[in-house]
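Enquirer: Pasting structure21.txt here (compact mmCIF, C-alpha atoms):
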```txt
# COMPACT_ATOMS: atom_id res chain seq x y z
CA MET A 17 6.88 -21.73 11.32
CA ASN A 18 3.60 -22.39 9.53
CA ARG A 19 4.30 -20.68 6.22
CA PRO A 20 0.86 -21.34 4.64
CA TRP A 21 -0.89 -19.71 7.59
CA THR A 22 1.57 -16.81 7.52
CA LEU A 23 0.84 -16.26 3.83
CA ALA A 24 -2.93 -16.58 4.40
CA SER A 25 -2.78 -14.01 7.22
CA SER A 26 -0.69 -11.62 5.15
CA VAL A 27 -3.09 -11.90 2.21
CA ALA A 28 -6.15 -11.52 4.46
CA GLY A 29 -4.79 -8.34 6.05
CA ALA A 30 -4.03 -6.79 2.67
CA VAL A 31 -7.33 -7.87 1.09
CA ILE A 32 -9.55 -6.59 3.92
CA VAL A 33 -8.06 -3.11 3.60
CA ALA A 34 -8.25 -3.15 -0.22
CA LEU A 35 -11.89 -4.29 -0.22
CA ASP A 36 -12.84 -1.74 2.41
CA GLY A 37 -11.45 1.16 0.41
CA THR A 38 -12.97 0.24 -2.96
CA ALA A 39 -16.35 -0.77 -1.51
CA LEU A 40 -16.60 2.50 0.44
CA THR A 41 -16.46 4.49 -2.80
CA VAL A 42 -19.60 2.72 -3.98
CA ALA A 43 -21.31 3.16 -0.60
CA GLN A 44 -20.66 6.89 -0.18
CA PRO A 45 -23.70 8.20 -2.12
CA SER A 46 -26.04 6.00 -0.06
CA LEU A 47 -24.26 7.02 3.15
CA GLN A 48 -24.68 10.68 2.23
CA ARG A 49 -28.43 10.33 1.68
CA ASP A 50 -29.04 8.22 4.77
CA LEU A 51 -27.11 10.47 7.16
CA GLY A 52 -27.95 13.79 5.51
CA ALA A 53 -24.25 14.57 5.08
CA SER A 54 -22.67 17.24 2.93
CA PHE A 55 -20.25 16.44 0.11
CA THR A 56 -17.35 17.73 2.21
CA GLU A 57 -18.32 15.48 5.12
CA VAL A 58 -18.51 12.47 2.83
CA GLN A 59 -15.09 13.32 1.42
CA TRP A 60 -13.72 13.33 4.97
CA THR A 61 -14.83 9.71 5.44
CA SER A 62 -11.98 8.91 3.04
CA THR A 63 -9.55 11.68 3.99
CA ALA A 64 -9.64 10.89 7.73
CA TYR A 65 -8.60 7.33 7.03
CA LEU A 66 -5.84 8.30 4.59
CA VAL A 67 -4.34 10.90 6.93
CA ALA A 68 -4.28 8.48 9.88
CA VAL A 69 -2.85 5.52 8.01
CA ALA A 70 -0.20 7.45 6.08
CA GLY A 71 1.15 9.13 9.21
CA LEU A 72 1.56 5.97 11.26
CA LEU A 73 2.70 3.22 8.87
CA VAL A 74 6.45 3.49 9.48
CA PHE A 75 6.14 3.78 13.26
CA ALA A 76 3.74 0.82 13.24
CA GLY A 77 6.38 -1.14 11.35
CA ARG A 78 8.92 -0.28 14.06
CA LEU A 79 6.46 -1.50 16.72
CA GLY A 80 6.22 -4.81 14.87
CA ASP A 81 10.00 -5.13 14.78
CA ARG A 82 10.20 -4.49 18.51
CA TYR A 83 7.19 -6.32 19.94
CA GLY A 84 6.59 -8.98 17.28
CA GLN A 85 4.91 -8.80 13.87
CA TRP A 86 2.16 -11.27 14.80
CA ARG A 87 1.22 -9.39 17.96
CA VAL A 88 0.97 -6.04 16.16
CA PHE A 89 -0.84 -7.64 13.22
CA GLY A 90 -3.42 -9.25 15.52
CA LEU A 91 -4.02 -5.98 17.37
CA GLY A 92 -4.38 -4.14 14.08
CA MET A 93 -6.86 -6.65 12.66
CA LEU A 94 -9.04 -6.73 15.78
CA GLY A 95 -9.03 -2.94 16.05
CA PHE A 96 -9.87 -2.59 12.37
CA GLY A 97 -12.79 -4.99 12.78
CA ALA A 98 -14.05 -3.22 15.90
CA ALA A 99 -13.91 0.19 14.18
CA SER A 100 -15.75 -1.29 11.19
CA ALA A 101 -18.51 -2.58 13.47
CA GLY A 102 -18.75 0.84 15.06
CA ILE A 103 -19.14 2.53 11.68
CA ALA A 104 -21.93 0.08 10.79
CA VAL A 105 -24.01 1.37 13.73
CA ALA A 106 -22.87 5.01 13.68
CA PRO A 107 -25.77 7.44 14.25
CA GLY A 108 -24.27 10.32 12.26
CA VAL A 109 -21.59 11.24 9.75
CA GLY A 110 -19.41 12.76 12.48
CA TRP A 111 -19.12 9.37 14.12
CA VAL A 112 -18.30 7.81 10.77
CA ILE A 113 -15.45 10.27 10.20
CA VAL A 114 -13.97 9.72 13.68
CA LEU A 115 -14.23 5.94 13.39
CA ARG A 116 -12.69 6.00 9.93
CA ALA A 117 -9.67 7.74 11.49
CA VAL A 118 -9.58 5.00 14.15
CA GLN A 119 -9.79 2.43 11.36
CA GLY A 120 -6.77 4.11 9.79
CA VAL A 121 -4.76 3.80 13.01
CA PHE A 122 -5.39 0.06 13.26
CA GLY A 123 -4.95 -0.40 9.51
CA ALA A 124 -1.52 1.18 9.90
CA LEU A 125 -0.67 -1.40 12.57
CA ALA A 126 -1.73 -4.34 10.41
CA GLN A 127 -0.31 -3.41 7.01
CA PRO A 128 3.48 -3.30 7.63
CA ALA A 129 3.21 -6.50 9.64
CA THR A 130 1.76 -8.34 6.63
CA LEU A 131 5.12 -7.82 4.89
CA GLY A 132 7.23 -8.23 8.02
CA MET A 133 5.68 -11.65 8.68
CA LEU A 134 6.55 -12.80 5.17
CA ARG A 135 10.14 -11.59 5.47
CA ALA A 136 10.54 -13.52 8.71
CA ALA A 137 8.90 -16.69 7.36
CA TYR A 138 10.56 -17.02 3.93
CA PRO A 139 14.24 -17.02 2.91
CA PRO A 140 15.19 -13.97 0.82
CA ASP A 141 15.48 -16.01 -2.39
CA ARG A 142 11.89 -17.31 -2.00
CA LEU A 143 10.13 -14.05 -1.17
CA ALA A 144 8.97 -13.29 -4.72
CA SER A 145 6.35 -16.06 -4.80
CA PRO A 146 4.44 -15.12 -1.59
CA LEU A 147 4.65 -11.45 -2.60
CA ALA A 148 3.15 -12.39 -5.97
CA VAL A 149 0.27 -14.19 -4.26
CA ARG A 150 -0.31 -11.16 -2.04
CA THR A 151 -0.26 -8.75 -4.98
CA ALA A 152 -2.60 -10.93 -7.05
CA ALA A 153 -5.04 -11.07 -4.13
CA ILE A 154 -4.97 -7.27 -3.85
CA GLY A 155 -5.74 -7.04 -7.57
CA LEU A 156 -8.71 -9.37 -7.19
CA ALA A 157 -9.94 -7.40 -4.18
CA ALA A 158 -9.67 -4.13 -6.07
CA ALA A 159 -11.68 -5.59 -8.94
CA ALA A 160 -14.26 -7.24 -6.68
CA GLY A 161 -14.65 -4.29 -4.32
CA PRO A 162 -17.05 -2.21 -6.45
CA LEU A 163 -19.11 -5.30 -7.32
CA VAL A 164 -19.30 -6.54 -3.72
CA GLY A 165 -19.97 -3.04 -2.44
CA GLY A 166 -22.69 -2.43 -5.02
CA ALA A 167 -24.42 -5.70 -4.20
CA LEU A 168 -24.32 -5.03 -0.46
CA VAL A 169 -25.51 -1.43 -0.76
CA THR A 170 -28.34 -2.44 -3.09
CA GLY A 171 -29.50 -5.38 -0.99
CA LEU A 172 -28.70 -4.41 2.60
CA GLY A 173 -27.63 -0.77 2.68
CA TRP A 174 -24.28 1.00 3.12
CA ARG A 175 -23.77 -0.24 6.70
CA ALA A 176 -23.37 -3.83 5.45
CA VAL A 177 -20.17 -2.79 3.63
CA PHE A 178 -18.45 -2.32 6.99
CA LEU A 179 -19.94 -5.36 8.70
CA VAL A 180 -18.21 -7.57 6.12
CA ASN A 181 -14.84 -6.76 7.74
CA VAL A 182 -15.76 -8.01 11.20
CA VAL A 183 -15.69 -11.80 10.76
CA PRO A 184 -12.36 -12.05 8.85
CA ALA A 185 -10.78 -9.56 11.27
CA LEU A 186 -11.72 -11.85 14.16
CA ALA A 187 -10.76 -15.00 12.25
CA PHE A 188 -7.21 -13.81 11.63
CA GLY A 189 -6.71 -11.34 14.49
CA LEU A 190 -7.45 -13.68 17.41
CA PRO A 191 -5.09 -16.50 16.31
CA ALA A 192 -2.36 -13.92 15.66
CA LEU A 193 -2.59 -12.59 19.22
CA ALA A 194 -2.73 -16.10 20.64
CA ARG A 195 0.30 -17.24 18.64
CA ARG A 196 3.62 -17.62 20.40
CA ASP A 197 6.76 -16.40 18.65
CA HIS A 198 9.38 -19.01 19.48
CA ARG A 199 12.37 -16.76 19.76
CA THR A 200 14.56 -15.16 22.36
CA THR A 201 13.71 -11.73 23.69
CA PRO A 202 15.03 -9.11 21.26
CA ALA A 203 17.34 -6.32 22.26
CA ARG A 204 14.96 -3.38 22.47
CA THR A 205 16.33 -0.12 21.18
CA PRO A 206 14.53 3.16 21.90
CA LEU A 207 11.45 3.79 19.74
CA ASP A 208 12.46 7.32 18.63
CA LEU A 209 9.14 8.89 19.53
CA PRO A 210 10.20 12.41 18.36
CA GLY A 211 11.09 10.99 14.96
CA ALA A 212 7.80 9.09 14.81
CA ALA A 213 5.86 12.25 15.67
CA LEU A 214 7.69 14.35 13.06
CA LEU A 215 7.22 11.72 10.37
CA ALA A 216 3.53 11.33 11.23
CA VAL A 217 2.94 15.09 11.01
CA THR A 218 4.93 15.35 7.76
CA LEU A 219 2.98 12.60 6.01
CA ALA A 220 -0.41 13.49 7.49
CA CYS A 221 -0.03 17.13 6.39
CA LEU A 222 1.12 16.03 2.93
CA VAL A 223 -1.81 13.66 2.43
CA TYR A 224 -4.28 16.21 3.76
CA ALA A 225 -2.81 18.93 1.54
CA VAL A 226 -3.06 16.95 -1.69
CA THR A 227 -6.50 15.48 -0.96
CA ALA A 228 -8.04 18.86 -0.08
CA ARG A 229 -9.93 20.69 -2.81
CA PRO A 230 -8.24 23.00 -3.64
CA VAL A 231 -4.81 21.76 -2.63
CA SER A 232 -3.86 23.21 0.77
CA GLY A 233 -0.81 25.45 0.57
CA ALA A 234 -0.62 25.63 4.36
CA GLY A 235 -0.61 21.85 4.55
CA LEU A 236 2.24 21.61 2.04
CA ALA A 237 4.24 24.23 3.93
CA ALA A 238 3.73 22.43 7.24
CA SER A 239 4.76 19.14 5.63
CA ALA A 240 7.94 20.68 4.20
CA LEU A 241 8.87 22.27 7.53
CA THR A 242 8.42 19.11 9.56
CA ALA A 243 10.27 17.12 6.89
CA VAL A 244 13.33 19.36 7.38
CA LEU A 245 13.10 18.93 11.14
CA LEU A 246 12.73 15.16 10.68
CA VAL A 247 15.88 14.88 8.55
CA ARG A 248 17.83 16.93 11.08
CA HIS A 249 16.58 14.82 13.97
CA GLU A 250 17.23 11.48 12.26
CA ARG A 251 20.82 12.46 11.50
CA ARG A 252 21.52 13.30 15.15
CA THR A 253 19.64 10.65 17.11
CA ALA A 254 21.39 7.48 18.24
CA SER A 255 18.41 5.22 17.39
CA PRO A 256 16.69 6.65 14.29
CA LEU A 257 13.20 5.55 13.32
CA LEU A 258 14.38 5.08 9.71
CA PRO A 259 17.39 2.71 9.71
CA PRO A 260 20.33 4.19 7.76
CA GLU A 261 21.04 0.83 6.13
CA LEU A 262 17.54 0.92 4.63
CA ILE A 263 17.05 4.60 3.80
CA GLY A 264 20.70 5.12 2.79
CA SER A 265 20.67 2.23 0.33
CA ARG A 266 20.57 3.25 -3.34
CA THR A 267 18.70 0.07 -4.15
CA ALA A 268 16.02 0.65 -1.50
CA GLY A 269 15.71 4.31 -2.48
CA ALA A 270 15.28 3.33 -6.12
CA ALA A 271 12.58 0.78 -5.24
CA LEU A 272 10.69 3.36 -3.18
CA GLY A 273 10.96 5.99 -5.91
CA ILE A 274 9.62 3.52 -8.46
CA LEU A 275 6.67 2.57 -6.25
CA LEU A 276 5.84 6.26 -5.73
CA ALA A 277 6.06 7.07 -9.44
CA VAL A 278 4.04 4.13 -10.77
CA SER A 279 1.33 4.33 -8.09
CA ALA A 280 0.96 8.09 -8.65
CA SER A 281 0.75 7.54 -12.41
CA LEU A 282 -1.72 4.65 -12.20
CA PHE A 283 -4.18 6.18 -9.75
CA GLY A 284 -4.01 9.58 -11.39
CA THR A 285 -4.72 7.87 -14.72
CA LEU A 286 -7.70 5.98 -13.29
CA PHE A 287 -9.08 9.28 -11.96
CA VAL A 288 -8.85 10.83 -15.44
CA ALA A 289 -10.17 7.66 -17.10
CA THR A 290 -13.38 7.95 -15.07
CA TYR A 291 -14.08 11.27 -16.76
CA VAL A 292 -13.25 9.87 -20.17
CA LEU A 293 -15.49 6.83 -19.80
CA GLN A 294 -18.45 8.40 -18.04
CA ARG A 295 -18.50 11.95 -19.38
CA ARG A 296 -16.99 11.78 -22.83
CA LEU A 297 -18.31 8.32 -23.75
CA GLY A 298 -21.48 8.49 -21.63
CA LEU A 299 -21.02 5.10 -19.96
CA ASP A 300 -22.59 4.32 -16.59
CA ALA A 301 -20.52 3.10 -13.63
CA PHE A 302 -21.12 -0.59 -14.37
CA HIS A 303 -20.12 -0.43 -18.04
CA SER A 304 -17.14 1.74 -17.14
CA ALA A 305 -16.00 -0.99 -14.76
CA LEU A 306 -16.36 -3.56 -17.54
CA ARG A 307 -14.16 -1.50 -19.87
CA SER A 308 -11.44 -1.33 -17.22
CA LEU A 309 -11.67 -5.02 -16.27
CA PRO A 310 -8.50 -5.96 -18.25
CA LEU A 311 -6.53 -3.93 -15.70
CA ALA A 312 -7.51 -6.25 -12.83
CA VAL A 313 -7.10 -9.41 -14.91
CA LEU A 314 -3.61 -8.50 -16.12
CA MET A 315 -2.57 -7.29 -12.68
CA VAL A 316 -3.34 -10.74 -11.26
CA LEU A 317 -1.69 -12.60 -14.16
CA SER A 318 1.42 -10.43 -14.17
CA ALA A 319 1.87 -10.81 -10.43
CA ALA A 320 1.68 -14.57 -10.81
CA LEU A 321 4.28 -14.57 -13.61
CA CYS A 322 6.64 -12.10 -11.96
CA PRO A 323 8.67 -14.59 -9.84
CA ALA A 324 9.66 -16.50 -12.98
CA LEU A 325 10.52 -13.25 -14.77
CA LEU A 326 12.66 -12.13 -11.84
CA ARG A 327 14.65 -15.36 -11.92
CA ARG A 328 15.36 -14.90 -15.64
CA TRP A 329 15.94 -11.14 -15.99
CA GLY A 330 16.33 -9.81 -12.45
CA ALA A 331 14.54 -6.86 -10.87
CA ARG A 332 16.32 -4.37 -13.13
CA GLY A 333 15.11 -5.78 -16.42
CA VAL A 334 11.66 -6.74 -15.20
CA THR A 335 10.94 -3.37 -13.59
CA THR A 336 12.29 -1.45 -16.59
CA GLY A 337 9.96 -3.29 -18.94
CA ALA A 338 6.98 -3.09 -16.60
CA ALA A 339 7.34 0.66 -16.01
CA ALA A 340 7.64 1.22 -19.76
CA ALA A 341 4.48 -0.86 -20.33
CA LEU A 342 2.58 1.21 -17.78
CA ALA A 343 3.73 4.47 -19.39
CA LEU A 344 2.71 3.11 -22.80
CA GLY A 345 -0.72 2.22 -21.44
CA VAL A 346 -1.24 5.77 -20.19
CA LEU A 347 -0.12 7.16 -23.55
CA LEU A 348 -2.57 4.89 -25.35
CA LEU A 349 -5.41 6.07 -23.13
CA SER A 350 -4.60 9.64 -24.13
CA ARG A 351 -5.05 8.85 -27.84
CA THR A 352 -7.97 6.42 -28.14
CA THR A 353 -11.54 5.85 -27.01
CA ALA A 354 -12.16 2.76 -29.16
CA PRO A 355 -13.15 -0.35 -27.16
CA ALA A 356 -10.17 -2.38 -28.40
CA GLY A 357 -7.75 0.46 -27.71
CA LEU A 358 -9.15 1.02 -24.22
CA GLY A 359 -8.93 -2.70 -23.47
CA LEU A 360 -5.28 -2.82 -24.55
CA ALA A 361 -4.46 0.34 -22.57
CA PHE A 362 -6.01 -0.99 -19.36
CA ALA A 363 -4.26 -4.33 -19.91
CA LEU A 364 -0.90 -2.55 -20.14
CA LEU A 365 -1.69 -0.60 -16.96
CA GLY A 366 -2.51 -3.79 -15.07
CA ALA A 367 0.47 -5.76 -16.37
CA GLY A 368 2.88 -2.93 -15.65
CA PHE A 369 1.63 -2.12 -12.17
CA GLY A 370 1.25 -5.73 -11.01
CA THR A 371 4.79 -6.56 -12.11
CA VAL A 372 6.34 -3.46 -10.55
CA MET A 373 4.50 -4.10 -7.28
CA VAL A 374 6.03 -7.56 -6.91
CA ALA A 375 9.50 -6.71 -8.21
CA ALA A 376 10.07 -3.44 -6.31
CA THR A 377 8.53 -4.75 -3.09
CA GLN A 378 10.67 -7.87 -3.29
CA VAL A 379 13.81 -5.74 -3.63
CA LEU A 380 12.84 -3.54 -0.70
CA VAL A 381 11.73 -6.26 1.74
CA ARG A 382 14.44 -8.74 0.76
CA GLY A 383 17.07 -6.07 1.33
CA ALA A 384 15.94 -5.51 4.92
CA GLU A 385 17.16 -7.63 7.79
CA VAL A 386 14.49 -9.48 9.73
CA ARG A 387 14.92 -7.10 12.68
CA THR A 388 13.94 -4.12 10.47
CA ALA A 389 11.44 -5.88 8.19
CA GLY A 390 8.48 -4.08 9.78
CA VAL A 391 9.98 -0.67 9.03
CA ALA A 392 10.67 -1.78 5.45
CA GLY A 393 7.03 -2.84 5.15
CA GLY A 394 5.89 0.45 6.63
CA VAL A 395 7.98 2.46 4.18
CA GLN A 396 6.62 0.40 1.26
CA GLN A 397 3.04 0.90 2.41
CA THR A 398 3.66 4.62 2.89
CA ALA A 399 4.83 4.93 -0.71
CA LEU A 400 1.68 3.14 -1.89
CA ASN A 401 -0.51 5.52 0.13
CA VAL A 402 1.24 8.79 -0.66
CA GLY A 403 1.78 8.01 -4.37
CA PRO A 404 -1.92 7.61 -5.24
CA ALA A 405 -2.87 10.69 -3.22
CA VAL A 406 -0.32 12.80 -5.07
CA GLY A 407 -1.28 11.28 -8.43
CA VAL A 408 -4.98 11.98 -8.03
CA ALA A 409 -4.26 15.52 -6.81
CA ALA A 410 -2.04 16.18 -9.85
CA ALA A 411 -4.63 14.70 -12.21
CA ALA A 412 -7.39 16.85 -10.73
CA ALA A 413 -5.26 19.97 -11.12
CA LEU A 414 -4.35 19.10 -14.72
CA LEU A 415 -7.87 18.31 -15.87
CA GLY A 416 -8.46 22.01 -16.50
CA ALA A 417 -6.03 21.74 -19.42
CA GLY A 418 -7.87 18.71 -20.80
CA THR A 419 -7.70 14.97 -20.30
CA GLN A 420 -5.00 14.49 -22.93
CA ALA A 421 -2.60 16.91 -21.23
CA ALA A 422 -3.25 15.25 -17.87
CA LEU A 423 -2.60 11.77 -19.26
CA LEU A 424 0.57 12.81 -21.08
CA THR A 425 1.93 14.22 -17.82
CA LEU A 426 1.03 11.06 -15.94
CA ALA A 427 2.73 8.96 -18.64
CA ALA A 428 5.87 11.03 -18.11
CA VAL A 429 5.68 10.32 -14.36
CA ALA A 430 5.53 6.57 -15.03
CA ALA A 431 8.43 6.87 -17.49
CA LEU A 432 10.59 8.37 -14.71
CA ALA A 433 10.73 4.89 -13.19
CA VAL A 434 12.51 3.47 -16.25
CA PRO A 435 15.95 5.08 -15.69
CA VAL A 436 15.63 4.67 -11.92
CA ALA A 437 15.18 0.92 -12.43
CA ARG A 438 18.81 0.76 -13.59
CA LEU A 439 19.76 0.95 -9.90
CA LEU A 440 17.97 -2.32 -9.13
CA PRO A 441 19.80 -5.68 -9.14
CA GLY A 442 20.17 -7.62 -12.35
CA PRO A 443 19.72 -11.36 -12.92
CA ALA A 444 23.25 -12.45 -11.97
CA GLY A 445 24.91 -11.66 -8.67
CA ALA A 446 21.94 -9.64 -7.45
CA ALA A 447 22.42 -10.71 -3.89
CA SER A 448 25.92 -9.32 -3.78
CA ARG A 449 24.78 -5.89 -4.97
CA THR A 450 21.87 -5.41 -2.60
CA PRO A 451 21.51 -5.00 1.15
CA ALA A 452 20.22 -8.58 1.13
CA SER A 453 23.83 -9.69 1.01
CA ARG A 454 24.04 -8.59 4.61
CA THR A 455 21.11 -10.77 5.57
CA PRO A 456 22.23 -13.72 7.70
CA ALA A 457 22.08 -17.20 6.24
CA PRO A 458 18.96 -19.20 7.12
CA HIS A 459 20.56 -20.86 10.12
CA ALA A 460 22.87 -18.09 11.27
CA PRO A 461 21.98 -15.89 14.23
CA VAL A 462 20.48 -12.50 13.47
CA PRO A 463 22.13 -9.42 14.99
CA ALA A 464 20.88 -8.12 18.33
CA GLY A 465 20.43 -11.61 19.66
CA ARG A 466 17.28 -12.37 17.66
CA PRO A 467 17.32 -15.71 15.81
CA GLU A 468 15.58 -15.61 12.48
CA ARG A 469 12.24 -17.35 12.56
CA ARG A 470 11.37 -20.18 10.20
```
Let me see the file written as structure tokens.

Expert:
Amino acid sequence: MNRPWTLASSVAGAVIVALDGTALTVAQPSLQRDLGASFTEVQWTSTAYLVAVAGLLVFAGRLGDRYGQWRVFGLGMLGFGAASAGIAVAPGVGWVIVLRAVQGVFGALAQPATLGMLRAAYPPDRLASPLAVRTAAIGLAAAAGPLVGGALVTGLGWRAVFLVNVVPALAFGLPALARRDHRTTPARTPLDLPGAALLAVTLACLVYAVTARPVSGAGLAASALTAVLLVRHERRTASPLLPPELIGSRTAGAALGILLAVSASLFGTLFVATYVLQRRLGLDAFHSALRSLPLAVLMVLSAALCPALLRRWGARGVTTGAAAALALGVLLLSRTTAPAGLGLAFALLGAGFGTVMVAATQVLVRGAEVRTAGVAGGVQQTALNVGPAVGVAAAAALLGAGTQAALLTLAAVAALAVPVARLLPGPAGAASRTPASRTPAPHAPVPAGRPERR
């Protein structure tokens, strides 16, 4: 297996989605003026995508496990590029909203596969390094997105933001579809379509409920009801969508809980920080971005250093320290507006989040067998989509009590990850205490007749 190309494809898939989301935020005011859209319609250009992608990520991961990660990744990339091209020529905001939902469907196909491909290509004990590269690239994309989007909107208009996706989608999507997976035909278990439908409705209703202004009580109720039905169905079906060995693992559950907590805390904090920087301090968007630049820089650096930290202290120690650093950064933001203090706070946020991303994702994906790596990737991506949506919704609701109260609450959310991190593996004997211990050796056959790819 060509590991460099696998890593490049995984990074490209993650970066395209990250750039698209951050650049769209910059393009929305221009889009609103050009298409004569209302504020609610513009908001739906983001909500439609979030609802579609959140609802389908886990099922898309299962499709990758069944039909091949490269095939599903290629289809997702090409579909994402085609939807982007359609948005670039859309005649009205209604078309933009519909095509953003289509973009979300294909984004859901591509994202779990970017992790599933890495799990299949690298031995469990070498996963941390490619995951660090992927996380660092996402950090760079998040930092570059507003700058790239601003330059494109200023020079060429908002439509150019979406055209940027087309060439890389073709460049990585076509080779992925043309690639042959040299393996025997897998034993295909049923896809659990009822479970997929219930999970999609549960997550879509949850994301819609928390992104609506005000928060939709009906959406929350529908999400809770379908969640109950989903749990009941998954316990009774012979081929559940969510593998018991993944969802029932304390280690995997802890990693997911940590990802939810830290992503909710970080994105809720960034939402509040925008008000602090632009309203309280009177900074414009560009100078606000400069003040928060240490976040992106430290996210990239911490991701790069994380594999070495994991070898020395294990996921338990590294994640404990990183979650504490993130919580400290949020606390510092609640108490200072001085340039040096803000720089240190954003640096702590970046270092904490970048480290947790690599460490918790490594635990989750490493613990999955190759035959369920797509589902593990889908669950991880779901946490990183639902967490920010919940965090921003909570921050918006708490702003009425003041920015300090909102930030203190968000710091407490990040601090919840510290005790949970005690369930993660330590530096010695980690493999024996995680589901990874059940992963076959590099040259042993994988269950269900599927040899592990290398």

Enquirer: Could you tell me how far atom CA of A:Leu326 lies from atom CA of A:Leu342, in Å and to one decimal?

Expert: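 Atom CA of A:Leu342 lies 17.7 Å from atom CA of A:Leu326.
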
Enquirer: Need to verify the contact set: A:Leu241, 10 Å, only C-alpha atoms, exclusion of same-chain residues closer than 6 positions in sequence. Can you return it as a ChimeraX atom specification?

Expert: /A:214,217-218,235

Enquirer: Find the residues near A:Gly407: any atom within 10 Å, counting all atoms listed in the file, skip ones fewer than 2 places away on the same chain, and give them as a PyMOL selection string.

Expert: chain A and resi 226+276-287+402-405+409-413+426+429

Enquirer: As a list in words, please: the residues near A:Gly97 (cut-off 7 Å, only C-alpha atoms, same-chain neighbours under 6 positions excluded).

Expert: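 So, after excluding close chain neighbours, the residues are Asn181, Val182 and Ala185 of chain A.
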
Enquirer: Box in all listed atoms of stretch 31-42 of chain A, axis-aligned, with 3 Å more on each side; write out centre and edge lengths in Å to one decimal as JSON.

Expert:
```
{"center_x": -13.5, "center_y": -1.7, "center_z": 0.0, "size_x": 18.3, "size_y": 18.4, "size_z": 13.9}
```

Enquirer: Show me, as a ChimeraX atom specification, the residues that have an atom within 9 Å of stretch 125-131 of chain A when counting only C-alpha atoms, minus same-chain residues fewer than 6 positions from it.

Expert: /A:22-23,25-30,33,69,72-81,84-86,88-93,96,147,381,389-397

Enquirer: For atom CA of A:Pro162 and atom CA of A:Leu35, quote the distance in Å rounded to one decimal.

Expert: 8.4 Å

Enquirer: For a quick check of your reading of the model, name the residues lying within 12 Å of the coordinate (10.6, -13.6, -0.5), counting only C-alpha atoms, and write them as a VMD selection string.

Expert: chain A and resid 19 23 131 to 150 323 326 374 to 384 386 389 452

Enquirer: Counting all atoms listed in the file, which of A:Leu423, A:Val105, A:Val177, A:Ala68 gets nearest to A:Val42?

Expert: A:Val177

Enquirer: Which protein, DNA or RNA residues are at most 12 Å from (8.4, 9.2, -17.0) in the file's coordinates when you count all atoms listed in the file, listed as a PyMOL selection string?

Expert: chain A and resi 273-274+276-278+280-281+336+339-344+346-347+423-437

Enquirer: Using only C-alpha atoms, can you tell me which of A:Gly345, A:Gly52, A:Pro45, A:Gly110 comes closest to A:Leu364?

Expert: A:Gly345

Enquirer: Just give me the gap between atom CA of A:Glu250 and atom CA of A:Ile263 in Å, one decimal is fine.

Expert: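 A separation of 10.9 Å between them.
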
Enquirer: Calculated over only C-alpha atoms, which of the candidates A:Ile113, A:Leu293, A:Ala104, A:Ala39 has the smallest distance to A:Ala53?

Expert: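 Nearest to A:Ala53: A:Ile113.
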
Enquirer: Go through A:Ala157, A:Thr242, A:Leu439, A:Leu414 and flag the residue nearest A:Gly333, using all atoms listed in the file for the distances.

Expert: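 Of the candidates, the smallest distance to A:Gly333 is held by A:Leu439.
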
Enquirer: So, with all atoms listed in the file as the atoms that count, which of A:Val231, A:Leu51, A:Leu245, A:Leu317 lies closest to A:Ala212?

Expert: A:Leu245

Enquirer: Counting all atoms listed in the file, figure out which residue out of A:Gly189, A:Gly71, A:Gly368, A:Gly37 gets nearest to A:Leu94.

Expert: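 Nearest candidate to A:Leu94 out of A:Gly189, A:Gly71, A:Gly368, A:Gly37: A:Gly189.
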
Enquirer: Determine, counting all atoms listed in the file, which protein, DNA and RNA residues have an atom within 12 Å of an atom of A:Val292; residues of the same chain fewer than 6 positions away are not included. Present the result as a short mmCIF file (atom, residue, chain, number, x, y, z; two decimals) with C-alpha atoms, keeping the file's coordinate frame.

Expert:
```
data_model
loop_
_atom_site.label_atom_id
_atom_site.label_comp_id
_atom_site.auth_asym_id
_atom_site.auth_seq_id
_atom_site.Cartn_x
_atom_site.Cartn_y
_atom_site.Cartn_z
CA THR A 285 -4.72 7.87 -14.72
CA LEU A 286 -7.70 5.98 -13.29
CA GLY A 298 -21.48 8.49 -21.63
CA LEU A 299 -21.02 5.10 -19.96
CA ASP A 300 -22.59 4.32 -16.59
CA ALA A 301 -20.52 3.10 -13.63
CA SER A 304 -17.14 1.74 -17.14
CA ARG A 307 -14.16 -1.50 -19.87
CA SER A 308 -11.44 -1.33 -17.22
CA LEU A 349 -5.41 6.07 -23.13
CA SER A 350 -4.60 9.64 -24.13
CA ARG A 351 -5.05 8.85 -27.84
CA THR A 352 -7.97 6.42 -28.14
CA THR A 353 -11.54 5.85 -27.01
CA ALA A 354 -12.16 2.76 -29.16
CA LEU A 358 -9.15 1.02 -24.22
CA LEU A 415 -7.87 18.31 -15.87
CA GLY A 418 -7.87 18.71 -20.80
CA THR A 419 -7.70 14.97 -20.30
CA GLN A 420 -5.00 14.49 -22.93
CA ALA A 422 -3.25 15.25 -17.87
CA LEU A 423 -2.60 11.77 -19.26
#
```
